[in-house]
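Everything below belongs to my_file33.cif, which stores mmCIF, C-alpha atoms.
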```
data_my_file
#
loop_
_atom_site.group_PDB
_atom_site.id
_atom_site.type_symbol
_atom_site.label_atom_id
_atom_site.label_comp_id
_atom_site.auth_asym_id
_atom_site.auth_seq_id
_atom_site.Cartn_x
_atom_site.Cartn_y
_atom_site.Cartn_z
ATOM 1 C CA MET A 108 22.492 2.867 15.296
ATOM 2 C CA ASN A 109 20.134 0.596 17.202
ATOM 3 C CA ARG A 110 17.251 -1.250 15.574
ATOM 4 C CA GLN A 111 14.524 0.980 16.965
ATOM 5 C CA ASN A 112 16.219 4.154 15.731
ATOM 6 C CA ARG A 113 16.874 2.543 12.351
ATOM 7 C CA LYS A 114 13.195 1.663 12.029
ATOM 8 C CA PHE A 115 12.120 5.183 12.995
ATOM 9 C CA LEU A 116 14.557 6.670 10.502
ATOM 10 C CA ASP A 117 13.447 4.312 7.715
ATOM 11 C CA ARG A 118 9.830 5.279 8.294
ATOM 12 C CA TRP A 119 10.635 8.985 8.364
ATOM 13 C CA GLU A 120 12.748 8.782 5.189
ATOM 14 C CA SER A 121 9.949 6.839 3.522
ATOM 15 C CA GLN A 122 7.449 9.600 4.341
ATOM 16 C CA VAL A 123 9.790 12.348 3.094
ATOM 17 C CA ARG A 124 10.419 10.509 -0.170
ATOM 18 C CA LYS A 125 6.761 9.784 -0.651
ATOM 19 C CA GLY A 126 5.974 13.466 -0.160
ATOM 20 C CA THR A 127 8.574 14.622 -2.650
ATOM 21 C CA LEU A 128 8.068 12.049 -5.407
ATOM 22 C CA ASP A 129 5.881 14.335 -7.554
ATOM 23 C CA PHE A 130 8.578 17.022 -7.273
ATOM 24 C CA ILE A 131 11.225 14.471 -8.302
ATOM 25 C CA ILE A 132 9.122 13.325 -11.280
ATOM 26 C CA LEU A 133 8.808 16.892 -12.561
ATOM 27 C CA ILE A 134 12.568 17.395 -12.153
ATOM 28 C CA CYS A 135 13.170 14.171 -14.132
ATOM 29 C CA LEU A 136 10.924 15.385 -16.933
ATOM 30 C CA LYS A 137 12.399 18.874 -17.023
ATOM 31 C CA GLU A 138 15.206 17.952 -19.403
ATOM 32 C CA LYS A 139 13.666 15.213 -21.534
ATOM 33 C CA GLU A 140 10.576 13.092 -21.941
ATOM 34 C CA GLN A 141 10.681 9.695 -20.254
ATOM 35 C CA TYR A 142 8.495 6.617 -19.823
ATOM 36 C CA GLY A 143 7.532 5.256 -16.404
ATOM 37 C CA TYR A 144 10.006 2.392 -16.156
ATOM 38 C CA GLU A 145 12.870 4.605 -17.344
ATOM 39 C CA MET A 146 11.962 7.243 -14.739
ATOM 40 C CA ILE A 147 11.982 4.686 -11.926
ATOM 41 C CA LYS A 148 15.424 3.432 -12.998
ATOM 42 C CA ASN A 149 16.790 6.978 -13.237
ATOM 43 C CA ILE A 150 15.408 7.924 -9.821
ATOM 44 C CA LYS A 151 16.948 4.783 -8.341
ATOM 45 C CA ASN A 152 20.326 5.364 -9.996
ATOM 46 C CA VAL A 153 20.580 9.005 -8.988
ATOM 47 C CA THR A 154 18.965 9.068 -5.539
ATOM 48 C CA GLY A 155 19.166 5.450 -4.371
ATOM 49 C CA MET A 156 15.401 5.495 -3.816
ATOM 50 C CA GLU A 157 13.764 2.163 -4.435
ATOM 51 C CA ILE A 158 10.203 2.974 -5.318
ATOM 52 C CA SER A 159 7.516 0.356 -5.132
ATOM 53 C CA GLU A 160 7.201 0.678 -8.897
ATOM 54 C CA GLY A 161 3.432 0.673 -9.248
ATOM 55 C CA THR A 162 3.071 3.782 -7.064
ATOM 56 C CA ILE A 163 4.488 6.021 -9.791
ATOM 57 C CA TYR A 164 1.503 5.491 -12.126
ATOM 58 C CA PRO A 165 -1.207 7.023 -9.913
ATOM 59 C CA LEU A 166 1.133 9.995 -9.430
ATOM 60 C CA LEU A 167 1.755 10.379 -13.160
ATOM 61 C CA ASN A 168 -1.982 10.155 -13.707
ATOM 62 C CA ARG A 169 -2.603 12.886 -11.113
ATOM 63 C CA LEU A 170 0.079 15.166 -12.590
ATOM 64 C CA LYS A 171 -1.460 14.659 -16.010
ATOM 65 C CA LYS A 172 -4.918 15.571 -14.759
ATOM 66 C CA ASP A 173 -3.435 18.680 -13.146
ATOM 67 C CA ASN A 174 -2.079 19.628 -16.577
ATOM 68 C CA LEU A 175 1.529 19.517 -15.371
ATOM 69 C CA ILE A 176 2.559 16.740 -17.755
ATOM 70 C CA THR A 177 1.260 15.150 -20.959
ATOM 71 C CA SER A 178 1.850 11.759 -22.521
ATOM 72 C CA HIS A 179 1.940 9.948 -25.835
ATOM 73 C CA TRP A 180 2.463 6.360 -26.945
ATOM 74 C CA VAL A 181 5.445 5.317 -29.028
ATOM 75 C CA GLU A 182 5.559 1.973 -30.838
ATOM 76 C CA MET A 183 8.902 0.254 -30.364
ATOM 77 C CA ASP A 184 10.696 -2.318 -32.519
ATOM 78 C CA THR A 185 10.625 -4.717 -29.569
ATOM 79 C CA GLY A 186 6.843 -4.847 -29.860
ATOM 80 C CA ILE A 187 6.412 -3.221 -26.458
ATOM 81 C CA PRO A 188 4.909 0.265 -26.780
ATOM 82 C CA ARG A 189 6.080 2.915 -24.350
ATOM 83 C CA LYS A 190 4.048 5.733 -22.864
ATOM 84 C CA TYR A 191 6.298 8.777 -22.808
ATOM 85 C CA TYR A 192 5.607 11.684 -20.467
ATOM 86 C CA GLN A 193 6.724 15.260 -20.941
ATOM 87 C CA ILE A 194 6.388 18.353 -18.793
ATOM 88 C CA THR A 195 3.971 21.061 -19.960
ATOM 89 C CA PRO A 196 4.743 24.827 -19.864
ATOM 90 C CA ASN A 197 2.379 24.956 -16.875
ATOM 91 C CA GLY A 198 4.389 22.135 -15.272
ATOM 92 C CA GLN A 199 7.618 24.070 -15.884
ATOM 93 C CA GLN A 200 6.121 27.058 -14.119
ATOM 94 C CA VAL A 201 4.924 24.962 -11.172
ATOM 95 C CA LEU A 202 8.320 23.241 -10.976
ATOM 96 C CA LYS A 203 9.983 26.657 -10.728
ATOM 97 C CA GLU A 204 7.682 27.542 -7.824
ATOM 98 C CA MET A 205 8.271 24.171 -6.183
ATOM 99 C CA THR A 206 12.045 24.573 -6.464
ATOM 100 C CA SER A 207 11.812 28.000 -4.900
ATOM 101 C CA SER A 208 9.627 26.664 -2.036
ATOM 102 C CA TRP A 209 12.028 23.773 -1.529
ATOM 103 C CA GLU A 210 15.010 26.125 -1.307
ATOM 104 C CA GLN A 211 13.119 28.344 1.121
ATOM 105 C CA PHE A 212 12.206 25.306 3.229
ATOM 106 C CA ASN A 213 15.811 24.118 3.176
ATOM 107 C CA LEU A 214 16.994 27.552 4.279
ATOM 108 C CA SER A 215 14.439 27.622 7.106
ATOM 109 C CA LEU A 216 15.670 24.235 8.281
ATOM 110 C CA LYS A 217 19.245 25.466 8.310
ATOM 111 C CA LEU A 218 18.186 28.520 10.283
ATOM 112 C CA ILE A 219 16.280 26.491 12.838
ATOM 113 C CA LYS A 220 19.199 24.080 13.159
ATOM 114 C CA GLY A 221 21.463 27.080 13.734
ATOM 115 C CA ASP A 222 23.826 26.555 10.798
ATOM 116 C CA ASP A 223 25.147 30.138 10.870
ATOM 117 C CA ASP A 224 27.735 29.505 8.191
ATOM 118 C CA GLU A 225 25.005 28.546 5.691
ATOM 119 C CA SER A 226 22.615 31.320 6.571
ATOM 120 C CA MET B 171 1.773 -4.943 -28.611
ATOM 121 C CA MET B 172 3.101 -8.455 -29.128
ATOM 122 C CA LYS B 173 0.873 -11.236 -27.900
ATOM 123 C CA ALA B 174 1.854 -13.081 -24.721
ATOM 124 C CA GLU B 175 2.358 -16.292 -26.712
ATOM 125 C CA GLU B 176 5.066 -14.529 -28.701
ATOM 126 C CA LEU B 177 6.784 -13.152 -25.618
ATOM 127 C CA PHE B 178 7.128 -16.173 -23.359
ATOM 128 C CA LYS B 179 8.652 -19.537 -24.088
ATOM 129 C CA THR B 180 7.052 -21.537 -21.312
ATOM 130 C CA GLY B 181 3.423 -22.183 -20.569
ATOM 131 C CA VAL B 182 3.983 -21.479 -16.871
ATOM 132 C CA THR B 183 5.215 -17.928 -17.556
ATOM 133 C CA GLN B 184 2.328 -17.327 -19.871
ATOM 134 C CA LYS B 185 -0.082 -18.545 -17.218
ATOM 135 C CA ILE B 186 1.450 -16.163 -14.634
ATOM 136 C CA TRP B 187 1.127 -13.312 -17.146
ATOM 137 C CA ASN B 188 -2.496 -14.160 -17.954
ATOM 138 C CA GLN B 189 -3.427 -14.422 -14.267
ATOM 139 C CA TYR B 190 -1.879 -11.050 -13.490
ATOM 140 C CA ALA B 191 -3.644 -9.460 -16.474
ATOM 141 C CA GLU B 192 -6.943 -10.940 -15.262
ATOM 142 C CA ARG B 193 -6.314 -9.515 -11.795
ATOM 143 C CA LEU B 194 -5.728 -6.073 -13.307
ATOM 144 C CA ARG B 195 -8.818 -6.302 -15.519
ATOM 145 C CA TYR B 196 -10.939 -7.254 -12.532
ATOM 146 C CA LEU B 197 -9.637 -4.309 -10.470
ATOM 147 C CA LEU B 198 -10.136 -1.848 -13.293
ATOM 148 C CA ARG B 199 -13.451 -3.273 -14.495
ATOM 149 C CA LYS B 200 -15.439 -0.216 -13.425
ATOM 150 C CA LEU B 201 -13.303 2.313 -15.285
ATOM 151 C CA GLU B 202 -14.302 3.585 -18.689
ATOM 152 C CA THR B 203 -13.028 1.350 -21.490
ATOM 153 C CA ASN B 204 -10.429 3.755 -22.886
ATOM 154 C CA GLU B 205 -9.053 4.549 -19.408
ATOM 155 C CA LYS B 206 -8.938 0.867 -18.530
ATOM 156 C CA ASP B 207 -7.240 -0.171 -21.770
ATOM 157 C CA GLU B 208 -4.630 2.566 -21.522
ATOM 158 C CA LEU B 209 -3.777 1.749 -17.918
ATOM 159 C CA LEU B 210 -3.620 -1.978 -18.649
ATOM 160 C CA LEU B 211 -1.328 -1.376 -21.578
ATOM 161 C CA GLU B 212 0.928 0.907 -19.540
ATOM 162 C CA ILE B 213 1.265 -1.574 -16.675
ATOM 163 C CA GLN B 214 1.882 -4.454 -19.075
ATOM 164 C CA SER B 215 4.437 -2.371 -20.945
ATOM 165 C CA HIS B 216 6.190 -1.675 -17.637
ATOM 166 C CA LEU B 217 6.200 -5.370 -16.702
ATOM 167 C CA LEU B 218 7.651 -6.386 -20.047
ATOM 168 C CA GLU B 219 10.413 -3.744 -19.846
ATOM 169 C CA SER B 220 11.239 -4.949 -16.350
ATOM 170 C CA PHE B 221 11.089 -8.594 -17.514
ATOM 171 C CA ARG B 222 13.394 -7.999 -20.474
ATOM 172 C CA GLN B 223 15.994 -6.160 -18.456
ATOM 173 C CA ASN B 224 16.216 -8.768 -15.703
ATOM 174 C CA PRO B 225 19.418 -10.799 -16.021
ATOM 175 C CA ALA B 226 18.033 -13.880 -14.223
ATOM 176 C CA GLU B 227 18.077 -17.063 -16.298
ATOM 177 C CA SER B 228 14.661 -18.466 -15.556
ATOM 178 C CA GLU B 229 11.820 -16.874 -17.473
ATOM 179 C CA GLU B 230 9.328 -17.486 -14.645
ATOM 180 C CA GLU B 231 11.727 -15.945 -12.138
ATOM 181 C CA ARG B 232 12.138 -12.840 -14.318
ATOM 182 C CA LEU B 233 8.395 -12.309 -14.637
ATOM 183 C CA LEU B 234 7.663 -12.991 -10.962
ATOM 184 C CA ASP B 235 10.424 -10.571 -9.995
ATOM 185 C CA ALA B 236 8.963 -7.889 -12.298
ATOM 186 C CA ILE B 237 5.507 -8.411 -10.750
ATOM 187 C CA HIS B 238 6.926 -8.292 -7.239
ATOM 188 C CA ARG B 239 8.757 -5.017 -7.892
ATOM 189 C CA LEU B 240 5.676 -3.455 -9.428
ATOM 190 C CA GLY B 241 3.783 -4.090 -6.176
ATOM 191 C CA GLU B 242 0.292 -5.227 -5.248
ATOM 192 C CA PRO B 243 -2.139 -3.724 -7.796
ATOM 193 C CA GLU B 244 -4.880 -3.687 -5.142
ATOM 194 C CA ILE B 245 -2.721 -1.160 -3.274
ATOM 195 C CA PHE B 246 -1.072 0.960 -5.947
ATOM 196 C CA LEU B 247 -4.180 1.290 -8.124
ATOM 197 C CA LYS B 248 -6.474 2.398 -5.296
ATOM 198 C CA PRO B 249 -5.649 6.153 -5.454
ATOM 199 C CA MET B 250 -6.023 6.137 -9.208
ATOM 200 C CA ILE B 251 -9.419 4.427 -9.100
ATOM 201 C CA ALA B 252 -10.552 6.851 -6.391
ATOM 202 C CA ASP B 253 -9.394 9.807 -8.520
ATOM 203 C CA THR B 254 -11.222 8.459 -11.540
ATOM 204 C CA TYR B 255 -14.494 8.088 -9.659
ATOM 205 C CA MET B 256 -14.170 11.550 -8.098
ATOM 206 C CA ASP B 257 -13.406 13.134 -11.466
ATOM 207 C CA ARG B 258 -16.371 11.365 -12.997
ATOM 208 C CA ALA B 259 -18.567 12.409 -10.072
ATOM 209 C CA SER B 260 -17.583 16.057 -10.554
ATOM 210 C CA ARG B 261 -18.683 15.764 -14.197
ATOM 211 C CA THR B 262 -21.846 13.687 -13.796
ATOM 212 C CA LEU B 263 -22.826 14.761 -10.248
ATOM 213 C CA SER B 264 -23.730 11.108 -9.665
ATOM 214 C CA PRO B 265 -24.012 10.211 -5.948
ATOM 215 C CA ARG B 266 -22.965 6.654 -6.862
ATOM 216 C CA ASP B 267 -19.619 7.887 -8.234
ATOM 217 C CA VAL B 268 -19.122 10.199 -5.250
ATOM 218 C CA PHE B 269 -19.732 7.283 -2.903
ATOM 219 C CA LYS B 270 -17.354 5.001 -4.813
ATOM 220 C CA GLY B 271 -14.634 7.660 -4.899
ATOM 221 C CA LEU B 272 -14.973 8.243 -1.189
ATOM 222 C CA TYR B 273 -15.033 4.505 -0.566
ATOM 223 C CA PHE B 274 -11.707 3.971 -2.345
ATOM 224 C CA THR B 275 -10.165 7.082 -0.798
ATOM 225 C CA PHE B 276 -11.023 6.055 2.736
ATOM 226 C CA LEU B 277 -10.555 2.328 2.275
ATOM 227 C CA SER B 278 -6.960 2.333 3.428
ATOM 228 C CA GLY B 279 -7.737 4.565 6.428
ATOM 229 C CA PHE B 280 -10.708 2.410 7.326
ATOM 230 C CA LYS B 281 -8.586 -0.749 7.139
ATOM 231 C CA LYS B 282 -6.102 0.757 9.599
ATOM 232 C CA SER B 283 -8.936 1.757 11.952
ATOM 233 C CA LEU B 284 -10.382 -1.743 11.773
ATOM 234 C CA ILE B 285 -7.009 -3.294 12.620
ATOM 235 C CA SER B 286 -6.573 -0.907 15.574
ATOM 236 C CA LEU B 287 -10.086 -1.672 16.811
ATOM 237 C CA THR B 288 -9.550 -5.438 16.575
ATOM 238 C CA LEU B 289 -6.210 -5.188 18.366
ATOM 239 C CA GLY B 290 -7.687 -2.926 21.053
ATOM 240 C CA LEU B 291 -10.653 -5.226 21.701
ATOM 241 C CA GLY B 292 -8.394 -8.284 21.674
ATOM 242 C CA TYR B 293 -5.984 -6.866 24.239
ATOM 243 C CA ALA B 294 -8.913 -5.654 26.411
ATOM 244 C CA PHE B 295 -10.296 -9.204 26.329
ATOM 245 C CA VAL B 296 -6.903 -10.542 27.495
ATOM 246 C CA VAL B 297 -6.773 -8.094 30.434
ATOM 247 C CA VAL B 298 -10.399 -8.744 31.466
ATOM 248 C CA PHE B 299 -9.963 -12.525 31.558
ATOM 249 C CA LEU B 300 -6.681 -12.307 33.452
ATOM 250 C CA VAL B 301 -8.345 -10.088 36.071
ATOM 251 C CA LEU B 302 -11.298 -12.516 36.285
ATOM 252 C CA ALA B 303 -8.881 -15.440 36.769
ATOM 253 C CA ILE B 304 -7.243 -13.576 39.658
ATOM 254 C CA LEU B 305 -10.609 -12.658 41.207
ATOM 255 C CA LYS B 306 -12.171 -16.134 40.873
ATOM 256 C CA PRO B 307 -10.931 -17.388 44.309
ATOM 257 C CA PHE B 308 -12.423 -14.279 45.952
ATOM 258 C CA PHE B 309 -15.798 -14.408 44.135
ATOM 259 C CA PRO B 310 -16.172 -18.106 43.246
ATOM 260 C CA ASP B 311 -19.948 -17.924 42.697
ATOM 261 C CA HIS B 312 -19.885 -14.773 40.585
ATOM 262 C CA ILE B 313 -17.140 -15.694 38.090
ATOM 263 C CA GLY B 314 -17.039 -18.607 35.655
ATOM 264 C CA LEU B 315 -18.910 -20.172 32.763
ATOM 265 C CA LEU B 316 -22.348 -19.816 34.287
ATOM 266 C CA LEU B 317 -25.641 -21.258 33.085
ATOM 267 C CA PHE B 318 -28.790 -19.510 34.380
ATOM 268 C CA ASN B 319 -32.220 -20.976 34.982
ATOM 269 C CA ASP B 320 -33.640 -19.049 32.037
ATOM 270 C CA GLY B 321 -31.177 -20.801 29.705
ATOM 271 C CA THR B 322 -28.779 -17.874 29.215
ATOM 272 C CA MET B 323 -25.059 -18.340 29.671
ATOM 273 C CA THR B 324 -22.307 -15.988 30.848
ATOM 274 C CA ALA B 325 -18.578 -16.441 30.405
ATOM 275 C CA GLY B 326 -17.140 -13.952 32.858
ATOM 276 C CA MET B 327 -18.733 -12.238 35.829
ATOM 277 C CA ALA B 328 -22.344 -12.058 37.022
ATOM 278 C CA LEU B 329 -23.284 -9.646 39.804
ATOM 279 C CA ASP B 330 -26.581 -11.361 40.604
ATOM 280 C CA THR B 331 -26.116 -15.098 41.136
ATOM 281 C CA THR B 332 -29.634 -15.959 42.304
ATOM 282 C CA GLY B 333 -30.564 -17.528 38.991
ATOM 283 C CA VAL B 334 -27.348 -19.496 38.439
ATOM 284 C CA LYS B 335 -28.024 -23.155 37.720
ATOM 285 C CA VAL B 336 -24.568 -24.539 36.915
ATOM 286 C CA ASP B 337 -20.979 -23.288 37.035
ATOM 287 C CA TYR B 338 -19.548 -25.515 34.323
ATOM 288 C CA LEU B 339 -15.856 -24.964 34.961
ATOM 289 C CA GLY B 340 -15.565 -24.324 38.688
ATOM 290 C CA TYR B 341 -11.933 -23.533 39.547
ATOM 291 C CA TRP B 342 -10.891 -24.840 36.115
ATOM 292 C CA PHE B 343 -11.976 -21.390 34.994
ATOM 293 C CA ILE B 344 -8.623 -20.024 36.278
ATOM 294 C CA PRO B 345 -6.211 -22.078 34.112
ATOM 295 C CA ILE B 346 -8.573 -21.952 31.134
ATOM 296 C CA ALA B 347 -8.915 -18.134 31.330
ATOM 297 C CA ILE B 348 -5.147 -17.723 31.750
ATOM 298 C CA GLY B 349 -4.441 -20.167 28.900
ATOM 299 C CA LEU B 350 -6.956 -18.540 26.569
ATOM 300 C CA SER B 351 -5.682 -15.041 27.402
ATOM 301 C CA SER B 352 -2.098 -16.134 26.771
ATOM 302 C CA LEU B 353 -2.992 -17.689 23.421
ATOM 303 C CA ILE B 354 -4.889 -14.590 22.324
ATOM 304 C CA TYR B 355 -2.064 -12.356 23.557
ATOM 305 C CA ILE B 356 0.533 -14.338 21.577
ATOM 306 C CA GLY B 357 -1.699 -14.434 18.498
ATOM 307 C CA LEU B 358 -2.416 -10.691 18.563
ATOM 308 C CA THR B 359 1.218 -9.815 19.181
ATOM 309 C CA ARG B 360 2.384 -12.000 16.287
ATOM 310 C CA TRP B 361 -0.219 -10.410 14.036
ATOM 311 C CA LEU B 362 0.884 -6.943 15.146
ATOM 312 C CA ARG B 363 4.518 -7.857 14.449
ATOM 313 C CA MET B 364 3.548 -9.110 11.009
ATOM 314 C CA ILE B 365 1.739 -5.847 10.218
ATOM 315 C CA ARG B 366 4.690 -3.780 11.447
ATOM 316 C CA ARG B 367 7.082 -5.787 9.279
ATOM 317 C CA THR B 368 5.157 -4.891 6.126
ATOM 318 C CA LYS B 369 7.554 -3.157 3.773
ATOM 319 C CA PRO B 370 7.225 0.598 3.372
ATOM 320 C CA GLU B 371 6.362 1.820 -0.116
ATOM 321 C CA TYR B 372 9.619 3.657 -0.549
ATOM 322 C CA LYS B 373 12.973 2.431 0.626
ATOM 323 C CA GLY B 374 16.182 4.418 0.700
ATOM 324 C CA ARG B 375 19.709 3.248 0.093
ATOM 325 C CA ALA B 376 21.125 1.457 3.169
#
```

Would you mind giving the structure from this file in structure tokens?
Amino acid sequence: MNRQNRKFLDRWESQVRKGTLDFIILICLKEKEQYGYEMIKNIKNVTGMEISEGTIYPLLNRLKKDNLITSHWVEMDTGIPRKYYQITPNGQQVLKEMTSSWEQFNLSLKLIKGDDDES
Amino acid sequence: MMKAEELFKTGVTQKIWNQYAERLRYLLRKLETNEKDELLLEIQSHLLESFRQNPAESEEERLLDAIHRLGEPEIFLKPMIADTYMDRASRTLSPRDVFKGLYFTFLSGFKKSLISLTLGLGYAFVVVFLVLAILKPFFPDHIGLLLFNDGTMTAGMALDTTGVKVDYLGYWFIPIAIGLSSLIYIGLTRWLRMIRRTKPEYKGRA
């Protein structure tokens, strides 16, 4: 792939990831509560996404204000307290809707691409 | 939380930590105390986790790396500060908070517009002076660095030359205009390249 195409693709992937980060955060919190740094590491390990780490905090703050997640502080033996986030019942409901929309969107893409075997 | 003096062995690392904390405090100074303290604590907690888990040997290197990966607070905190002001404005109905929220929300868009405007004007300047350099031999009295009898000065083209007292550059206008245009062109293009090279916020696996 040439440099120009690579750049275009990098920018496009960046936009897609940016747009889906709140969805990814809710998925991360679906199974267990996590703190910010842990979430970033998990996202990186599973998806390969390298998030500019600070960007997750405004998103967590927004999700909290939207009553999709809550948080609490836990004192650790290391002396560094951690702020753990967990999904709320409302967040679970929204995540269900988001998953359904995502699947619908994915299906529409397959249809428009003409993947008959998938549709 | 442990104090910085208990966390770092060297004075340099402690200084880096203190400077970063000061930078955060300054950025968040307008938030309500509890919001500010909680956010500060969360960011510091993140930095210390990142610092502790870095395998590098040098303490300074580990902290600088943690700060680098966290990103520029001026950028990542902007949406949160905007949200805070807008939330407060919706509660207090204060025009000051509305203005501040809008200011932070549109700051990034405004910055981009300002860059585009500067680049646009700069490139227009380059084109205009190149055209003037080409036209100078055809309109020698109308183009140049002209001083008028009334004391005003024009660098470029004057349609009415009746009041022209001195043409300072004469035909030197041509190489100077071309040279200046070239320098501006190179400068603007390098600046543009620098802006384009700025890392995206999210990077995928190669």

Pick out the chain A residues within 7 Å of chain B. Count only C-alpha atoms. Give them as a compact mmCIF listing (two decimals) with C-alpha atoms, keeping the file's coordinate frame.
```txt
# COMPACT_ATOMS: atom_id res chain seq x y z
CA SER A 121 9.95 6.84 3.52
CA ARG A 124 10.42 10.51 -0.17
CA LYS A 125 6.76 9.78 -0.65
CA TYR A 144 10.01 2.39 -16.16
CA GLY A 155 19.17 5.45 -4.37
CA MET A 156 15.40 5.50 -3.82
CA GLU A 157 13.76 2.16 -4.43
CA ILE A 158 10.20 2.97 -5.32
CA SER A 159 7.52 0.36 -5.13
CA GLU A 160 7.20 0.68 -8.90
CA GLY A 161 3.43 0.67 -9.25
CA THR A 162 3.07 3.78 -7.06
CA PRO A 165 -1.21 7.02 -9.91
CA GLY A 186 6.84 -4.85 -29.86
CA ILE A 187 6.41 -3.22 -26.46
CA PRO A 188 4.91 0.26 -26.78
CA ARG A 189 6.08 2.92 -24.35
CA LYS A 190 4.05 5.73 -22.86
```

| Atom-to-atom span, atom CA of Pro310 of chain B and atom CA of Gly340 of chain B, Å | 7.7 Å

| said: On this structure, the PyMOL selection byres ((chain A and resi 167) around 12) would catch which residues? List them as a ChimeraX atom specification, sorted by chain and number. | reply: /A:128-133,136,141-144,146-147,160-166,168-178,190-194 /B:209,212,247,249-250

| query | Which residues, written as a PyMOL selection string, have at least one atom at most 12 Å from Thr183 of chain B, with only C-alpha atoms counted and residues fewer than 2 positions away on the same chain left out? | reply | chain B and resi 174-181+185-190+221+228-237

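Atom to atom, atom CA of Ile150 of chain A and atom CA of Met364 of chain B stand 29.4 Å apart.
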
Box in all listed atoms of segment 310-327 of chain B, axis-aligned, with 3 Å more on each side; write out centre and edge lengths in Å to one decimal as JSON.
```
{"center_x": -24.9, "center_y": -16.7, "center_z": 36.2, "size_x": 23.5, "size_y": 15.0, "size_z": 20.0}
```

| query | Expressed in Å to a single decimal, how great is the separation between atom CA of Gly333 of chain B and atom CA of Phe318 of chain B? | reply |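 The value is 5.3 Å.
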
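Proximity ranking of B:Ile313, B:Val336, B:Leu358, B:Ile344 relative to Leu291 of chain B places B:Leu358 first, based on only C-alpha atoms.
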
Ref. answer, residues at most 12 Å from (-8.9, -22.9, 38.1) with only C-alpha atoms, as a compact mmCIF listing (two decimals) with C-alpha atoms, in the coordinates of the input:
```txt
# COMPACT_ATOMS: atom_id res chain seq x y z
CA LEU B 300 -6.68 -12.31 33.45
CA LEU B 302 -11.30 -12.52 36.28
CA ALA B 303 -8.88 -15.44 36.77
CA ILE B 304 -7.24 -13.58 39.66
CA LEU B 305 -10.61 -12.66 41.21
CA LYS B 306 -12.17 -16.13 40.87
CA PRO B 307 -10.93 -17.39 44.31
CA PRO B 310 -16.17 -18.11 43.25
CA ILE B 313 -17.14 -15.69 38.09
CA GLY B 314 -17.04 -18.61 35.66
CA LEU B 315 -18.91 -20.17 32.76
CA TYR B 338 -19.55 -25.52 34.32
CA LEU B 339 -15.86 -24.96 34.96
CA GLY B 340 -15.56 -24.32 38.69
CA TYR B 341 -11.93 -23.53 39.55
CA TRP B 342 -10.89 -24.84 36.12
CA PHE B 343 -11.98 -21.39 34.99
CA ILE B 344 -8.62 -20.02 36.28
CA PRO B 345 -6.21 -22.08 34.11
CA ILE B 346 -8.57 -21.95 31.13
CA ALA B 347 -8.91 -18.13 31.33
CA ILE B 348 -5.15 -17.72 31.75
CA GLY B 349 -4.44 -20.17 28.90
```
